file protein.tsv (TSV, C-alpha atoms and all ligand atoms)
chain	number	residue	atom	x	y	z
A	1213	MET	CA	178.66	-46.64	-120.74
A	1214	ILE	CA	175.88	-47.45	-118.27
A	1215	HIS	CA	174.27	-44.84	-116.04
A	1216	LEU	CA	172.80	-45.69	-112.65
A	1217	THR	CA	172.49	-44.32	-109.16
A	1218	ILE	CA	173.83	-45.92	-106.01
A	1219	ASP	CA	172.37	-44.56	-102.78
A	1220	GLY	CA	171.28	-41.55	-104.82
A	1221	ILE	CA	174.77	-40.88	-106.22
A	1222	PRO	CA	174.90	-40.84	-110.05
A	1223	VAL	CA	177.50	-43.29	-111.37
A	1224	GLU	CA	178.73	-43.94	-114.90
A	1225	VAL	CA	180.52	-47.24	-115.51
A	1226	GLU	CA	181.41	-49.52	-118.38
A	1227	LYS	CA	178.99	-52.20	-119.50
A	1228	GLY	CA	179.76	-55.48	-117.74
A	1229	THR	CA	180.70	-53.81	-114.44
A	1230	THR	CA	179.16	-55.40	-111.38
A	1231	ILE	CA	177.20	-53.37	-108.82
A	1232	LEU	CA	179.96	-54.08	-106.30
A	1233	GLN	CA	182.62	-52.63	-108.61
A	1234	ALA	CA	180.42	-49.64	-109.46
A	1235	ALA	CA	179.85	-48.96	-105.75
A	1236	LYS	CA	183.58	-49.14	-105.10
A	1237	GLN	CA	184.13	-46.62	-107.88
A	1238	ALA	CA	181.59	-44.32	-106.18
A	1239	GLY	CA	183.35	-44.73	-102.81
A	1240	ILE	CA	180.52	-46.80	-101.31
A	1241	THR	CA	181.43	-49.92	-99.32
A	1242	ILE	CA	179.23	-52.99	-99.62
A	1243	PRO	CA	180.04	-55.79	-97.13
A	1244	THR	CA	181.38	-59.04	-98.59
A	1245	LEU	CA	182.53	-62.37	-97.21
A	1246	CYS	CA	183.16	-64.71	-100.14
A	1247	TYR	CA	184.25	-62.13	-102.71
A	1248	ILE	CA	187.87	-62.06	-103.90
A	1249	GLU	CA	188.88	-59.22	-106.18
A	1250	ASP	CA	190.11	-60.34	-109.62
A	1251	LEU	CA	188.30	-63.69	-109.46
A	1252	LEU	CA	184.92	-64.57	-110.89
A	1253	PRO	CA	182.46	-64.11	-108.00
A	1254	ASP	CA	181.58	-67.17	-105.95
A	1255	GLY	CA	178.26	-65.64	-104.93
A	1256	SER	CA	177.91	-67.99	-101.99
A	1257	CYS	CA	177.66	-65.84	-98.87
A	1258	ARG	CA	174.93	-63.34	-99.85
A	1259	MET	CA	176.32	-60.63	-97.56
A	1260	CYS	CA	176.68	-58.23	-100.47
A	1261	VAL	CA	172.95	-58.06	-101.28
A	1262	VAL	CA	171.54	-54.73	-102.47
A	1263	GLU	CA	168.09	-53.58	-103.54
A	1264	VAL	CA	167.87	-52.71	-107.22
A	1265	THR	CA	164.90	-50.88	-108.75
A	1266	ASN	CA	164.49	-50.54	-112.49
A	1267	ASN	CA	161.37	-49.84	-114.58
A	1268	GLY	CA	159.20	-49.92	-111.45
A	1269	ARG	CA	160.43	-53.39	-110.45
A	1270	SER	CA	162.49	-54.00	-107.39
A	1271	LYS	CA	164.63	-56.97	-106.38
A	1272	ILE	CA	167.25	-58.03	-103.86
A	1273	ASP	CA	170.35	-59.43	-105.49
A	1274	THR	CA	174.03	-60.01	-104.82
A	1275	ALA	CA	176.15	-57.00	-105.79
A	1276	CYS	CA	179.21	-59.13	-106.55
A	1277	THR	CA	177.43	-61.11	-109.30
A	1278	LEU	CA	174.88	-58.66	-110.70
A	1279	GLN	CA	176.00	-56.51	-113.62
A	1280	VAL	CA	174.75	-52.95	-113.90
A	1281	SER	CA	171.83	-52.06	-116.20
A	1282	GLU	CA	170.93	-48.65	-117.61
A	1283	GLY	CA	168.73	-46.76	-115.15
A	1284	ASP	CA	169.36	-48.99	-112.11
A	1285	GLU	CA	168.57	-47.36	-108.78
A	1286	VAL	CA	170.62	-49.23	-106.22
A	1287	GLN	CA	170.07	-49.04	-102.46
A	1288	THR	CA	172.90	-50.53	-100.41
A	1289	MET	CA	171.40	-49.95	-96.97
A	1290	SER	CA	167.61	-50.10	-97.39
A	1291	GLU	CA	165.45	-51.79	-94.75
A	1292	LYS	CA	165.06	-54.89	-96.93
A	1293	VAL	CA	168.84	-55.07	-97.49
A	1294	ILE	CA	169.64	-54.78	-93.80
A	1295	ASP	CA	167.00	-57.39	-92.99
A	1296	SER	CA	168.42	-59.77	-95.60
A	1297	ARG	CA	171.99	-59.36	-94.33
A	1298	LYS	CA	170.84	-59.97	-90.75
A	1299	LYS	CA	169.12	-63.19	-91.85
A	1300	THR	CA	172.28	-64.30	-93.63
A	1301	LEU	CA	174.37	-63.65	-90.53
A	1302	ASP	CA	171.78	-65.42	-88.39
A	1303	LEU	CA	172.02	-68.48	-90.63
A	1304	LEU	CA	175.81	-68.39	-90.62
A	1305	LEU	CA	175.82	-68.19	-86.82
A	1306	SER	CA	173.42	-71.13	-86.60
A	1307	ASP	CA	176.31	-73.40	-87.59
A	1308	HIS	CA	179.22	-71.38	-86.22
A	1309	ASN	CA	180.77	-72.16	-82.90
A	1310	VAL	CA	180.70	-68.80	-81.15
A	1311	HIS	CA	183.59	-69.33	-78.75
A	1312	CYS	CA	185.14	-66.01	-79.70
A	1313	PHE	CA	187.05	-65.64	-76.40
A	1314	SER	CA	189.25	-68.62	-77.16
A	1315	CYS	CA	189.28	-68.25	-80.95
A	1316	GLU	CA	192.64	-67.25	-82.46
A	1317	ALA	CA	190.85	-64.88	-84.85
A	1318	ASN	CA	189.12	-62.90	-82.09
A	1319	GLY	CA	189.44	-59.23	-83.07
A	1320	ASP	CA	190.53	-60.18	-86.57
A	1321	CYS	CA	187.37	-61.89	-87.88
A	1322	LYS	CA	185.17	-60.54	-90.65
A	1323	LEU	CA	182.13	-62.47	-89.41
A	1324	GLN	CA	182.57	-61.06	-85.90
A	1325	ASP	CA	182.85	-57.52	-87.30
A	1326	LEU	CA	179.71	-57.91	-89.41
A	1327	CYS	CA	177.70	-59.40	-86.53
A	1328	PHE	CA	178.78	-56.45	-84.39
A	1329	GLU	CA	177.84	-53.98	-87.13
A	1330	TYR	CA	174.41	-55.57	-87.68
A	1331	GLY	CA	173.71	-56.13	-83.98
A	1332	LEU	CA	173.70	-59.95	-83.89
A	1333	GLU	CA	174.90	-61.58	-80.68
A	1334	GLU	CA	173.62	-65.09	-81.24
A	1335	THR	CA	171.56	-67.12	-83.67
A	1336	SER	CA	167.79	-67.30	-83.39
A	1337	TYR	CA	167.80	-70.85	-84.74
A	1338	GLU	CA	167.52	-73.84	-82.46
A	1339	GLY	CA	169.11	-77.21	-82.89
A	1340	GLU	CA	172.46	-78.92	-82.86
A	1341	MET	CA	175.44	-77.55	-84.70
A	1342	THR	CA	177.52	-79.79	-86.90
A	1343	SER	CA	180.28	-81.33	-84.87
A	1344	LEU	CA	183.11	-82.43	-87.09
A	1345	PRO	CA	186.61	-82.95	-85.75
A	1346	LYS	CA	189.31	-80.29	-86.03
A	1347	ASP	CA	192.02	-81.16	-88.56
A	1348	GLU	CA	195.41	-80.53	-87.00
A	1349	SER	CA	197.34	-82.70	-89.44
A	1350	ASN	CA	199.09	-79.82	-91.20
A	1351	LYS	CA	202.28	-78.75	-89.45
A	1352	PHE	CA	201.61	-75.04	-89.84
A	1353	PHE	CA	197.87	-74.51	-89.62
A	1354	SER	CA	194.61	-75.98	-88.30
A	1355	TYR	CA	191.17	-76.30	-89.82
A	1356	ASP	CA	188.16	-76.11	-87.54
A	1357	PRO	CA	184.90	-77.03	-89.37
A	1358	SER	CA	182.83	-75.57	-86.53
A	1359	LEU	CA	184.12	-72.10	-87.48
A	1360	CYS	CA	183.91	-72.56	-91.24
A	1361	ILE	CA	181.21	-70.58	-93.06
A	1362	LEU	CA	181.86	-72.37	-96.39
A	1363	CYS	CA	182.53	-69.12	-98.21
A	1364	HIS	CA	185.08	-70.96	-100.43
A	1365	ARG	CA	187.60	-68.15	-100.28
A	1366	CYS	CA	190.22	-70.77	-99.34
A	1367	VAL	CA	189.19	-73.13	-102.15
A	1368	ASN	CA	189.10	-70.34	-104.75
A	1369	THR	CA	192.45	-68.99	-103.59
A	1370	CYS	CA	194.06	-72.44	-103.76
A	1371	THR	CA	192.53	-73.29	-107.14
A	1372	GLU	CA	192.26	-70.02	-109.04
A	1373	ILE	CA	195.14	-67.98	-107.66
A	1374	VAL	CA	197.76	-70.41	-106.34
A	1375	GLY	CA	196.84	-72.99	-108.99
A	1376	ARG	CA	197.30	-75.94	-106.64
A	1377	ALA	CA	193.66	-77.09	-106.31
A	1378	ALA	CA	194.55	-79.07	-103.20
A	1379	ILE	CA	191.26	-78.47	-101.37
A	1380	ASP	CA	187.55	-78.47	-102.12
A	1381	THR	CA	184.18	-78.83	-100.46
A	1382	MET	CA	183.63	-82.39	-99.27
A	1383	GLU	CA	180.29	-83.95	-98.38
A	1384	ARG	CA	176.90	-82.22	-98.69
A	1385	GLY	CA	174.45	-80.14	-96.65
A	1386	PHE	CA	175.20	-79.84	-92.93
A	1387	GLN	CA	178.12	-82.26	-93.28
A	1388	SER	CA	179.84	-79.96	-95.83
A	1389	VAL	CA	183.43	-79.41	-94.95
A	1390	ILE	CA	186.56	-78.08	-96.65
A	1391	GLY	CA	189.12	-80.81	-97.10
A	1392	ALA	CA	191.93	-82.30	-99.12
A	1393	ALA	CA	190.05	-85.43	-100.20
A	1394	PRO	CA	187.12	-87.45	-98.88
A	1395	GLU	CA	187.95	-89.27	-95.64
A	1396	LYS	CA	191.47	-87.87	-95.64
A	1397	VAL	CA	193.14	-85.40	-93.36
A	1398	TRP	CA	194.64	-82.22	-94.77
A	1399	ALA	CA	198.24	-83.43	-94.68
A	1400	GLU	CA	197.41	-86.49	-96.80
A	1401	GLY	CA	196.45	-84.39	-99.83
A	1402	THR	CA	198.54	-82.38	-102.28
A	1403	CYS	CA	198.65	-79.25	-100.11
A	1404	GLU	CA	202.03	-77.51	-100.12
A	1405	SER	CA	201.32	-75.68	-96.85
A	1406	CYS	CA	201.71	-72.24	-98.43
A	1407	GLY	CA	198.98	-70.95	-96.10
A	1408	ASN	CA	197.42	-68.62	-98.67
A	1409	CYS	CA	194.10	-70.29	-97.84
A	1410	VAL	CA	194.60	-69.30	-94.20
A	1411	GLN	CA	195.20	-65.70	-95.15
A	1412	ALA	CA	192.02	-65.78	-97.27
A	1413	CYS	CA	189.85	-67.18	-94.46
A	1414	PRO	CA	187.51	-64.49	-93.05
A	1415	THR	CA	187.00	-66.35	-89.72
A	1416	GLY	CA	189.16	-68.50	-87.47
A	1417	ALA	CA	188.31	-71.71	-89.36
A	1418	LEU	CA	191.74	-71.80	-90.95
A	1419	SER	CA	194.32	-70.54	-88.54
A	1420	MET	CA	198.12	-70.57	-88.42
A	1421	LYS	CA	199.20	-72.49	-85.31
A	1422	ARG	CA	201.43	-69.61	-84.26
A	1423	ARG	CA	198.34	-67.37	-83.98
A	1424	LYS	CA	198.05	-68.67	-80.40
A	1425	LYS	CA	200.97	-66.38	-79.57
A	1426	TYR	CA	199.22	-63.06	-80.09
A	1427	ARG	CA	195.95	-61.19	-80.43
A	1428	ALA	CA	195.34	-58.67	-83.21
A	1429	TYR	CA	195.14	-55.85	-80.66
A	1430	GLN	CA	198.55	-56.77	-79.16
A	1431	VAL	CA	200.42	-56.00	-82.36
A	1432	ASP	CA	202.91	-53.13	-81.84
A	1433	LYS	CA	203.71	-52.60	-85.46
A	1434	VAL	CA	203.61	-54.11	-88.92
A	1435	VAL	CA	206.82	-53.90	-90.96
A	1436	ARG	CA	206.66	-54.16	-94.75
A	1437	THR	CA	209.70	-56.01	-96.07
A	1438	THR	CA	210.97	-58.36	-98.79
A	1439	CYS	CA	211.01	-62.11	-98.21
A	1440	PRO	CA	214.59	-63.28	-97.61
A	1441	HIS	CA	214.17	-66.74	-99.15
A	1442	CYS	CA	214.73	-66.45	-102.90
A	1443	ALA	CA	215.02	-63.97	-105.72
A	1444	THR	CA	211.30	-63.56	-106.42
A	1445	GLY	CA	211.15	-60.59	-104.07
A	1446	CYS	CA	207.75	-61.25	-102.49
A	1447	GLN	CA	206.51	-58.45	-100.27
A	1448	MET	CA	205.49	-59.43	-96.78
A	1449	ASP	CA	204.31	-57.80	-93.58
A	1450	LEU	CA	206.11	-58.80	-90.39
A	1451	ILE	CA	203.77	-58.69	-87.39
A	1452	VAL	CA	205.61	-57.48	-84.31
A	1453	LYS	CA	204.56	-57.93	-80.69
A	1454	ASP	CA	206.74	-56.82	-77.77
A	1455	GLY	CA	209.62	-56.14	-80.15
A	1456	LYS	CA	209.58	-59.70	-81.55
A	1457	ILE	CA	208.28	-60.99	-84.90
A	1458	VAL	CA	205.30	-63.25	-84.19
A	1459	ASP	CA	203.76	-63.66	-87.62
A	1460	VAL	CA	204.06	-62.95	-91.32
A	1461	LYS	CA	201.39	-62.01	-93.85
A	1462	GLY	CA	201.70	-61.78	-97.60
A	1463	ALA	CA	201.55	-58.16	-98.79
A	1464	ASP	CA	200.50	-56.87	-102.18
A	1465	GLY	CA	203.83	-56.68	-104.04
A	1466	PRO	CA	204.39	-56.65	-107.82
A	1467	SER	CA	205.78	-60.18	-107.88
A	1468	ASN	CA	203.49	-61.85	-105.34
A	1469	ARG	CA	200.22	-59.87	-105.10
A	1470	GLY	CA	199.53	-60.97	-101.54
A	1471	LEU	CA	200.70	-64.58	-101.89
A	1472	LEU	CA	203.57	-66.33	-100.13
A	1473	CYS	CA	205.02	-69.83	-100.37
A	1474	VAL	CA	205.55	-72.08	-97.36
A	1475	LYS	CA	209.12	-70.82	-96.90
A	1476	GLY	CA	208.10	-67.17	-96.93
A	1477	ARG	CA	205.12	-67.66	-94.64
A	1478	SER	CA	206.49	-70.22	-92.23
A	1479	GLY	CA	210.27	-70.24	-92.50
A	1480	SER	CA	211.28	-66.64	-92.84
A	1481	PHE	CA	211.45	-65.18	-89.36
A	1482	ASP	CA	211.89	-67.72	-86.55
A	1483	PHE	CA	215.66	-67.58	-87.03
A	1484	VAL	CA	215.74	-63.85	-86.20
A	1485	ASP	CA	215.46	-64.46	-82.44
A	1486	HIS	CA	216.51	-68.10	-82.42
A	1487	LYS	CA	218.81	-69.01	-79.56
A	1488	THR	CA	221.27	-70.89	-81.82
A	1489	ARG	CA	221.55	-68.05	-84.33
A	1490	ILE	CA	225.18	-67.17	-85.06
A	1491	ARG	CA	225.58	-63.52	-84.13
A	1492	HIS	CA	229.34	-62.98	-84.62
A	1493	PRO	CA	232.17	-64.36	-86.81
A	1494	LEU	CA	233.70	-67.70	-85.79
A	1495	ILE	CA	237.20	-68.95	-86.64
A	1496	LYS	CA	238.14	-72.59	-86.19
A	1497	ASN	CA	240.87	-73.23	-83.69
A	1498	LYS	CA	243.09	-75.74	-85.51
A	1499	GLU	CA	244.34	-77.28	-82.29
A	1500	THR	CA	241.00	-77.93	-80.63
A	1501	GLY	CA	238.89	-78.16	-83.80
A	1502	GLU	CA	236.36	-75.85	-82.15
A	1503	PHE	CA	234.99	-72.63	-83.60
A	1504	GLU	CA	235.85	-69.58	-81.54
A	1505	GLN	CA	234.37	-66.11	-81.52
A	1506	ALA	CA	236.33	-63.55	-83.52
A	1507	THR	CA	236.01	-59.91	-84.48
A	1508	TRP	CA	234.94	-58.93	-87.99
A	1509	ASP	CA	238.44	-57.53	-88.66
A	1510	GLU	CA	240.07	-60.84	-87.66
A	1511	ALA	CA	237.64	-62.86	-89.78
A	1512	LEU	CA	237.89	-60.65	-92.87
A	1513	ASP	CA	241.70	-60.45	-92.64
A	1514	LEU	CA	241.86	-64.25	-92.48
A	1515	VAL	CA	239.59	-64.70	-95.51
A	1516	ALA	CA	241.42	-62.02	-97.52
A	1517	SER	CA	244.81	-63.57	-96.77
A	1518	LYS	CA	243.57	-67.03	-97.85
A	1519	PHE	CA	242.17	-65.66	-101.11
A	1520	SER	CA	245.48	-63.84	-101.78
A	1521	GLU	CA	247.42	-67.03	-101.04
A	1522	ILE	CA	245.37	-69.02	-103.57
A	1523	LYS	CA	245.71	-66.28	-106.18
A	1524	THR	CA	249.50	-66.07	-105.68
A	1525	ASN	CA	249.95	-69.84	-105.84
A	1526	TYR	CA	247.45	-70.80	-108.55
A	1527	GLY	CA	246.30	-67.62	-110.35
A	1528	GLY	CA	242.99	-65.73	-110.29
A	1529	ASP	CA	241.13	-68.42	-112.23
A	1530	ALA	CA	241.46	-70.72	-109.25
A	1531	LEU	CA	238.93	-68.46	-107.51
A	1532	ALA	CA	235.25	-67.83	-108.16
A	1533	GLY	CA	232.43	-65.85	-106.56
A	1534	PHE	CA	228.87	-67.13	-106.45
A	1535	ALA	CA	226.33	-64.66	-105.10
A	1536	CYS	CA	223.31	-65.66	-103.09
A	1537	SER	CA	219.92	-64.94	-104.63
A	1538	ARG	CA	218.75	-63.49	-101.33
A	1539	SER	CA	221.29	-60.68	-101.63
A	1540	THR	CA	220.35	-57.24	-102.86
A	1541	ASN	CA	221.41	-56.10	-106.34
A	1542	GLU	CA	223.95	-53.79	-104.72
A	1543	ASP	CA	225.59	-56.62	-102.74
A	1544	ILE	CA	225.67	-58.84	-105.82
A	1545	TYR	CA	227.27	-56.03	-107.81
A	1546	MET	CA	229.94	-55.66	-105.13
A	1547	LEU	CA	230.66	-59.39	-105.19
A	1548	GLN	CA	231.26	-59.53	-108.94
A	1549	LYS	CA	233.35	-56.37	-108.65
A	1550	MET	CA	235.53	-58.05	-106.02
A	1551	VAL	CA	235.87	-61.20	-108.13
A	1552	ARG	CA	236.88	-59.28	-111.24
A	1553	ALA	CA	239.00	-56.54	-109.66
A	1554	ALA	CA	240.55	-58.31	-106.67
A	1555	PHE	CA	240.64	-61.96	-107.78
A	1556	GLY	CA	241.35	-61.04	-111.42
A	1557	SER	CA	238.80	-63.63	-112.55
A	1558	ASN	CA	235.56	-63.68	-114.55
A	1559	ASN	CA	234.29	-66.71	-112.61
A	1560	THR	CA	231.24	-65.10	-111.10
A	1561	ASP	CA	227.55	-65.95	-111.11
A	1562	ASN	CA	224.38	-65.75	-109.07
A	1563	CYS	CA	221.87	-68.39	-108.04
A	1564	ALA	CA	218.77	-66.30	-108.82
A	1565	ARG	CA	217.10	-69.06	-110.74
A	1566	VAL	CA	213.55	-68.74	-109.46
A	1601	LIG	FE1	178.69	-61.47	-102.89
A	1601	LIG	FE2	179.49	-63.31	-101.11
A	1601	LIG	S1	180.30	-61.35	-101.49
A	1601	LIG	S2	177.78	-63.35	-102.43
call {"tool": "encode", "arguments": {"input": "protein.tsv", "output": "structure tokens", "more": "lines below"}}
Ligand code: FES
result
Amino acid sequence: MIHLTIDGIPVEVEKGTTILQAAKQAGITIPTLCYIEDLLPDGSCRMCVVEVTNNGRSKIDTACTLQVSEGDEVQTMSEKVIDSRKKTLDLLLSDHNVHCFSCEANGDCKLQDLCFEYGLEETSYEGEMTSLPKDESNKFFSYDPSLCILCHRCVNTCTEIVGRAAIDTMERGFQSVIGAAPEKVWAEGTCESCGNCVQACPTGALSMKRRKKYRAYQVDKVVRTTCPHCATGCQMDLIVKDGKIVDVKGADGPSNRGLLCVKGRSGSFDFVDHKTRIRHPLIKNKETGEFEQATWDEALDLVASKFSEIKTNYGGDALAGFACSRSTNEDIYMLQKMVRAAFGSNNTDNCARV
């Protein structure tokens, strides 16, 4: 075990622990931008710097990459640390289009929060900002290079967590940009539009197109639920504004750990309030060929009588029940029970193949 102090608090942690992890263990928050828990640190943003003194020597280093040493005295908010973080933010702002009023991420931006906390309103650097075009080629989200701080959270999420490796840093220096391939727009690469990169983005650089419909402070409530698309059971948070679902975010569930696929993120809620959604049973009028509204009793009686007719004429084995993977275990149990007990058949299965 290694013994150190963080802001004067004695901490004991295992060898190999980073300062950031040790601070978390001691209940001390160190600001981060590029860090993603569970991944090897990227160490690119330098927001997490701390001052470490050991054996009379003192240095400023990044808490997410630096491992603890016996006798370290760590300061997370010393004058030098605050000065260093301010300089980092100043540099980030020097190439960040500060049009917060019209930015979709206004009120939900880590960079904005940190600038507010450290008292930065604008950059002290002069000169032109990079002006690269916005990439709107993806159907579900946009990428605005003028808001990108090149923290690589999107790239690391896509490569290390999702395993798709569809994006990377293109070009060099001031022309650096996140993209699918040199000279290509996002939609021309191998991106599957899952949007996990968007969720990882700490600014408005990557933004779901539907974010134009709401501001973070307009959200009435967040409802934790299970994705209705397949049997994986991903946990998601439905974002509700004025009683309507306006967005979805991946939540930390045992089978998805914050990730969602394109169906879960972008195809799982629009139908709820869609004007063509079927909201009551329909029975086809044989004379007109049109479907007509019916009550549940009428619809269920019709279905039951048809099943009975088939069973009487051809036997129970002429019937089968195939449960949908989106159903709950309880519903699936009831279906097989009906097939076995009412149909008198063992022809029952479920499409939970994922
Ligand atoms: Fe440590 Fe970015 S969080 S360098």
call {"tool": "closest_atom_pairs", "arguments": {"input": "protein.tsv", "of": "chain A", "to": "ligand LIG 1601 (chain A)", "cutoff": "12 Å", "atoms": "all atoms listed in the file", "output": "CSV"}}
result
residue,atom,partner,partner_atom,distance
A:Thr1230,CA,A:LIG1601,FE1,10.4
A:Ile1231,CA,A:LIG1601,FE1,10.1
A:Leu1232,CA,A:LIG1601,FE1,8.2
A:Gln1233,CA,A:LIG1601,FE1,11.2
A:Thr1241,CA,A:LIG1601,S1,11.7
A:Ile1242,CA,A:LIG1601,S1,8.6
A:Pro1243,CA,A:LIG1601,S1,7.1
A:Thr1244,CA,A:LIG1601,S1,3.9
A:Leu1245,CA,A:LIG1601,S1,4.9
A:Cys1246,CA,A:LIG1601,FE2,4.0
A:Tyr1247,CA,A:LIG1601,S1,4.2
A:Ile1248,CA,A:LIG1601,S1,8.0
A:Glu1249,CA,A:LIG1601,S1,10.0
A:Leu1251,CA,A:LIG1601,S1,11.5
A:Leu1252,CA,A:LIG1601,FE1,10.6
A:Pro1253,CA,A:LIG1601,FE1,6.9
A:Asp1254,CA,A:LIG1601,S2,6.4
A:Gly1255,CA,A:LIG1601,S2,3.4
A:Ser1256,CA,A:LIG1601,S2,4.7
A:Cys1257,CA,A:LIG1601,FE2,3.8
A:Arg1258,CA,A:LIG1601,S2,3.8
A:Met1259,CA,A:LIG1601,FE2,5.5
A:Cys1260,CA,A:LIG1601,FE1,4.5
A:Val1261,CA,A:LIG1601,FE1,6.9
A:Val1262,CA,A:LIG1601,FE1,9.8
A:Ile1272,CA,A:LIG1601,S2,11.9
A:Asp1273,CA,A:LIG1601,S2,8.9
A:Thr1274,CA,A:LIG1601,FE1,5.3
A:Ala1275,CA,A:LIG1601,FE1,5.9
A:Cys1276,CA,A:LIG1601,FE1,4.4
A:Thr1277,CA,A:LIG1601,FE1,6.5
A:Leu1278,CA,A:LIG1601,FE1,9.1
A:Arg1297,CA,A:LIG1601,S2,10.7
A:Thr1300,CA,A:LIG1601,S2,10.4
A:Leu1301,CA,A:LIG1601,FE2,11.8
A:Lys1322,CA,A:LIG1601,S1,11.9
A:Ile1361,CA,A:LIG1601,FE2,11.0
A:Leu1362,CA,A:LIG1601,FE2,10.5
A:Cys1363,CA,A:LIG1601,FE2,7.2
A:His1364,CA,A:LIG1601,FE2,9.5
A:Arg1365,CA,A:LIG1601,FE2,9.5
A:Pro1414,CA,A:LIG1601,FE2,11.4
call {"tool": "residues_around", "arguments": {"input": "protein.tsv", "residues": "Asp1454 in chain A", "least_positions_apart": "3", "cutoff": "10 Å", "atoms": "only C-alpha atoms", "output": "PyMOL selection string"}}
result
chain A and resi 1430-1433+1457-1458
call {"tool": "residues_around", "arguments": {"input": "protein.tsv", "residues": "Asp1250 in chain A", "least_positions_apart": "6", "cutoff": "12 Å", "atoms": "only C-alpha atoms", "output": "PyMOL selection string"}}
result
chain A and resi 1233+1276+1368-1369+1372-1373+1469
call {"tool": "write_last_selection", "arguments": {"input": "protein.tsv", "atoms": "C-alpha atoms", "output": "compact mmCIF listing (two decimals), in the coordinates of the input"}}
result
# COMPACT_ATOMS: atom_id res chain seq x y z
CA GLN A 1233 182.62 -52.63 -108.61
CA CYS A 1276 179.21 -59.13 -106.55
CA ASN A 1368 189.10 -70.34 -104.75
CA THR A 1369 192.45 -68.99 -103.59
CA GLU A 1372 192.26 -70.02 -109.04
CA ILE A 1373 195.14 -67.98 -107.66
CA ARG A 1469 200.22 -59.87 -105.10
call {"tool": "residues_around", "arguments": {"input": "protein.tsv", "residues": "Ser1358 in chain A", "least_positions_apart": "3", "cutoff": "12 Å", "atoms": "all atoms listed in the file", "output": "VMD selection string"}}
result
chain A and resid 1304 to 1312 1315 1340 to 1347 1354 to 1355 1361 to 1362 1386 to 1390 1415 to 1418
call {"tool": "closest_residue", "arguments": {"input": "protein.tsv", "among": "A:Arg1427, A:Lys1271, A:Lys1396, A:Lys1518", "to": "Gly1319 in chain A", "atoms": "only C-alpha atoms"}}
result
A:Arg1427
call {"tool": "atom_distance", "arguments": {"input": "protein.tsv", "atom1": "CA of Tyr1330 in chain A", "atom2": "CA of Asp1295 in chain A"}}
result
9.3 Å
call {"tool": "closest_residue", "arguments": {"input": "protein.tsv", "among": "A:Arg1477, A:His1486, A:Arg1384, A:His1215", "to": "His1441 in chain A", "atoms": "only C-alpha atoms"}}
result
A:Arg1477
call {"tool": "atom_distance", "arguments": {"input": "protein.tsv", "atom1": "CA of Gly1527 in chain A", "atom2": "CA of Ala1553 in chain A"}}
result
13.3 Å
call {"tool": "residues_near_point", "arguments": {"input": "protein.tsv", "point": "(199.3, -67.2, -103.8)", "cutoff": "6 Å", "atoms": "all atoms listed in the file", "output": "JSON, numbers by chain"}}
result
{"A": [1373, 1374, 1408, 1471, 1472]}
call {"tool": "write_last_selection", "arguments": {"input": "protein.tsv", "atoms": "C-alpha atoms", "output": "mmCIF file, keeping the file's coordinate frame"}}
result
data_model
loop_
_atom_site.group_PDB
_atom_site.id
_atom_site.type_symbol
_atom_site.label_atom_id
_atom_site.label_comp_id
_atom_site.auth_asym_id
_atom_site.auth_seq_id
_atom_site.Cartn_x
_atom_site.Cartn_y
_atom_site.Cartn_z
ATOM 1 C CA ILE A 1373 195.140 -67.980 -107.660
ATOM 2 C CA VAL A 1374 197.760 -70.410 -106.340
ATOM 3 C CA ASN A 1408 197.420 -68.620 -98.670
ATOM 4 C CA LEU A 1471 200.700 -64.580 -101.890
ATOM 5 C CA LEU A 1472 203.570 -66.330 -100.130
#
call {"tool": "residues_around", "arguments": {"input": "protein.tsv", "residues": "Cys1406 in chain A", "least_positions_apart": "5", "cutoff": "12 Å", "atoms": "all atoms listed in the file", "output": "list in words"}}
result
Asn1350, Lys1351, Phe1352, Phe1353, Cys1366, Thr1369, Cys1370, Val1374, Gly1375, Arg1376, Ala1378, Gln1411, Ala1412, Met1420, Val1460, Lys1461, Gly1462, Gly1470, Leu1471, Leu1472, Cys1473, Val1474, Lys1475, Gly1476, Arg1477, Ser1478 and Gly1479 of chain A
call {"tool": "closest_residue", "arguments": {"input": "protein.tsv", "among": "A:Val1225, A:Ala1463, A:Ser1419, A:Ala1393", "to": "Arg1436 in chain A", "atoms": "all atoms listed in the file"}}
result
A:Ala1463
call {"tool": "atom_distance", "arguments": {"input": "protein.tsv", "atom1": "CA of Ala1532 in chain A", "atom2": "CA of Ile1495 in chain A"}}
result
21.6 Å
call {"tool": "residues_around", "arguments": {"input": "protein.tsv", "residues": "Gly1465 in chain A", "least_positions_apart": "6", "cutoff": "10 Å", "atoms": "only C-alpha atoms", "output": "list in words"}}
result
Thr1437, Thr1438, Gly1445, Cys1446, Gln1447, Met1448 and Leu1471 of chain A
call {"tool": "write_last_selection", "arguments": {"input": "protein.tsv", "atoms": "C-alpha atoms", "output": "mmCIF file, in the frame of the given file"}}
result
data_model
loop_
_atom_site.group_PDB
_atom_site.id
_atom_site.type_symbol
_atom_site.label_atom_id
_atom_site.label_comp_id
_atom_site.auth_asym_id
_atom_site.auth_seq_id
_atom_site.Cartn_x
_atom_site.Cartn_y
_atom_site.Cartn_z
ATOM 1 C CA THR A 1437 209.700 -56.010 -96.070
ATOM 2 C CA THR A 1438 210.970 -58.360 -98.790
ATOM 3 C CA GLY A 1445 211.150 -60.590 -104.070
ATOM 4 C CA CYS A 1446 207.750 -61.250 -102.490
ATOM 5 C CA GLN A 1447 206.510 -58.450 -100.270
ATOM 6 C CA MET A 1448 205.490 -59.430 -96.780
ATOM 7 C CA LEU A 1471 200.700 -64.580 -101.890
#
call {"tool": "closest_residue", "arguments": {"input": "protein.tsv", "among": "A:Leu1547, A:Met1289, A:Ala1443, A:Cys1327", "to": "Gly1220 in chain A", "atoms": "only C-alpha atoms"}}
result
A:Met1289
